[in-house]
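Data first, discussion second: the structure below is written as structure tokens.
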Amino acid sequence: MPSLAVARELGISSESLRGWCRRAKADRGEGKSGELTSAEREELKRLRKEVREQQ
């Protein structure tokens with residue numbers, strides 16, 4: 001089933017579906033070079049918050 005049809009069936013935009021697929025690939029180690037995994041994104045978010053609080 002083409003991705004546009006899947007997105008429509010899920011009631012989301014095709015861009016959202018693309019983003020989910022890109023993140024899933026990154027989490028499996030199949031993403032583009034330098035692309036962060038979900039765990040890395042969460043850690044970066046946490047560390048940025050920690051830095052803001054310390055400032």
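Just remember, in the structure tokens the first chain shown is A, the second B, etc., residues are 1-based per chain, and ligands are 1-based in the order shown.
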task: Please run DSSP on the backbone and report, as a PyMOL selection string, all residues within chain A that come out as alpha helix (DSSP H).
output: chain A and resi 3-10+14-27+38-54
Residue with the minimum atom-to-atom distance to Trp20 of chain A, picked from A:Glu50, A:Ser33, A:Ala7, A:Pro2 with only C-alpha atoms counted, is A:Ala7
*Residue contacts of Ala39 of chain A (10 Å, only C-alpha atoms) excluding same-chain residues fewer than 5 positions away, as an MDAnalysis selection string*: chainID A and resid 27 44:45
Correct to one decimal, the distance atom CA of Ser13 of chain A-atom CA of Met1 of chain A is 15.4 Å
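Between atom CA of Glu42 of chain A and atom CA of Leu4 of chain A the interatomic distance comes to 28.7 Å.
Every protein or nucleic acid residue with an atom no more than 8 Å from Ala26 of chain A, counting only C-alpha atoms and leaving out same-chain residues fewer than 2 positions away, appears here: Arg22, Arg23, Ala24, Arg28, Gly29, Glu30, Gly31, Lys32, Glu35, Leu36, Thr37 and Ser38 of chain A.
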Prev. selection, all heavy atoms, output as a CSV table (one decimal), in the first residue's frame:
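As written to disk, out04.csv reads:
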```
chain,number,residue,atom,x,y,z
A,22,ARG,N,11.3,7.7,9.4
A,22,ARG,CA,12.7,8.1,9.5
A,22,ARG,C,13.3,7.8,10.9
A,22,ARG,O,14.4,7.4,11.1
A,22,ARG,CB,12.8,9.6,9.2
A,22,ARG,CG,14.2,10.1,9.0
A,22,ARG,CD,14.3,11.5,8.6
A,22,ARG,NE,13.7,12.4,9.5
A,22,ARG,CZ,12.6,13.2,9.3
A,22,ARG,NH1,12.0,13.2,8.1
A,22,ARG,NH2,12.1,13.9,10.2
A,23,ARG,N,12.4,8.1,11.9
A,23,ARG,CA,12.9,7.9,13.3
A,23,ARG,C,13.0,6.4,13.6
A,23,ARG,O,14.0,6.0,14.3
A,23,ARG,CB,11.8,8.5,14.3
A,23,ARG,CG,12.0,10.0,14.4
A,23,ARG,CD,11.2,10.5,15.6
A,23,ARG,NE,10.9,11.9,15.4
A,23,ARG,CZ,9.8,12.5,15.5
A,23,ARG,NH1,8.7,11.7,15.8
A,23,ARG,NH2,9.6,13.7,15.3
A,24,ALA,N,12.1,5.6,13.1
A,24,ALA,CA,12.2,4.1,13.3
A,24,ALA,C,13.5,3.6,12.6
A,24,ALA,O,14.2,2.8,13.2
A,24,ALA,CB,11.0,3.4,12.7
A,28,ARG,N,16.8,1.9,14.6
A,28,ARG,CA,17.4,0.6,14.2
A,28,ARG,C,18.8,0.7,13.7
A,28,ARG,O,19.4,-0.3,13.3
A,28,ARG,CB,16.5,0.0,13.1
A,28,ARG,CG,15.2,-0.5,13.5
A,28,ARG,CD,14.5,-1.3,12.5
A,28,ARG,NE,14.5,-0.7,11.2
A,28,ARG,CZ,13.5,-0.1,10.6
A,28,ARG,NH1,12.3,0.1,11.3
A,28,ARG,NH2,13.6,0.4,9.4
A,29,GLY,N,19.4,1.9,13.7
A,29,GLY,CA,20.7,2.1,13.2
A,29,GLY,C,20.8,2.2,11.7
A,29,GLY,O,21.9,2.1,11.1
A,30,GLU,N,19.7,2.5,11.0
A,30,GLU,CA,19.7,2.5,9.6
A,30,GLU,C,19.5,3.9,9.1
A,30,GLU,O,19.3,4.1,7.9
A,30,GLU,CB,18.5,1.6,9.1
A,30,GLU,CG,18.6,0.2,9.5
A,30,GLU,CD,17.4,-0.6,9.1
A,30,GLU,OE1,16.4,0.0,8.5
A,30,GLU,OE2,17.3,-1.8,9.5
A,31,GLY,N,19.6,4.9,10.0
A,31,GLY,CA,19.3,6.3,9.6
A,31,GLY,C,20.5,6.9,8.9
A,31,GLY,O,21.6,6.3,8.7
A,32,LYS,N,20.4,8.2,8.5
A,32,LYS,CA,21.5,8.9,7.8
A,32,LYS,C,22.6,9.1,8.8
A,32,LYS,O,22.3,9.1,10.0
A,32,LYS,CB,21.0,10.2,7.3
A,32,LYS,CG,19.9,10.1,6.2
A,32,LYS,CD,19.5,11.5,5.8
A,32,LYS,CE,18.4,11.4,4.7
A,32,LYS,NZ,17.9,12.7,4.3
A,35,GLU,N,22.3,11.2,12.3
A,35,GLU,CA,20.9,11.3,12.7
A,35,GLU,C,20.8,10.7,14.1
A,35,GLU,O,21.3,9.6,14.3
A,35,GLU,CB,20.0,10.6,11.7
A,35,GLU,CG,18.6,10.9,11.9
A,35,GLU,CD,17.7,10.4,10.8
A,35,GLU,OE1,18.1,9.6,9.9
A,35,GLU,OE2,16.5,10.9,10.7
A,36,LEU,N,20.1,11.4,15.0
A,36,LEU,CA,20.0,10.9,16.4
A,36,LEU,C,18.9,9.9,16.5
A,36,LEU,O,17.8,10.0,15.8
A,36,LEU,CB,19.6,12.1,17.3
A,36,LEU,CG,20.6,13.3,17.3
A,36,LEU,CD1,20.1,14.4,18.2
A,36,LEU,CD2,22.0,12.8,17.8
A,37,THR,N,19.1,8.9,17.4
A,37,THR,CA,18.0,8.0,17.7
A,37,THR,C,17.1,8.7,18.7
A,37,THR,O,17.4,9.7,19.2
A,37,THR,CB,18.6,6.7,18.4
A,37,THR,OG1,19.2,7.1,19.7
A,37,THR,CG2,19.7,6.0,17.6
A,38,SER,N,16.0,8.0,19.0
A,38,SER,CA,15.0,8.6,19.9
A,38,SER,C,15.6,8.7,21.3
A,38,SER,O,15.4,9.7,22.0
A,38,SER,CB,13.7,7.7,20.0
A,38,SER,OG,13.1,7.7,18.8
```
Atom pair atom CA of Ala5 of chain A + atom CA of Arg18 of chain A, distance 12.5 Å
Judged by only C-alpha atoms, the minimum distance to Gly19 of chain A among A:Gln55, A:Ser3, A:Arg48, A:Glu40 is found for A:Ser3
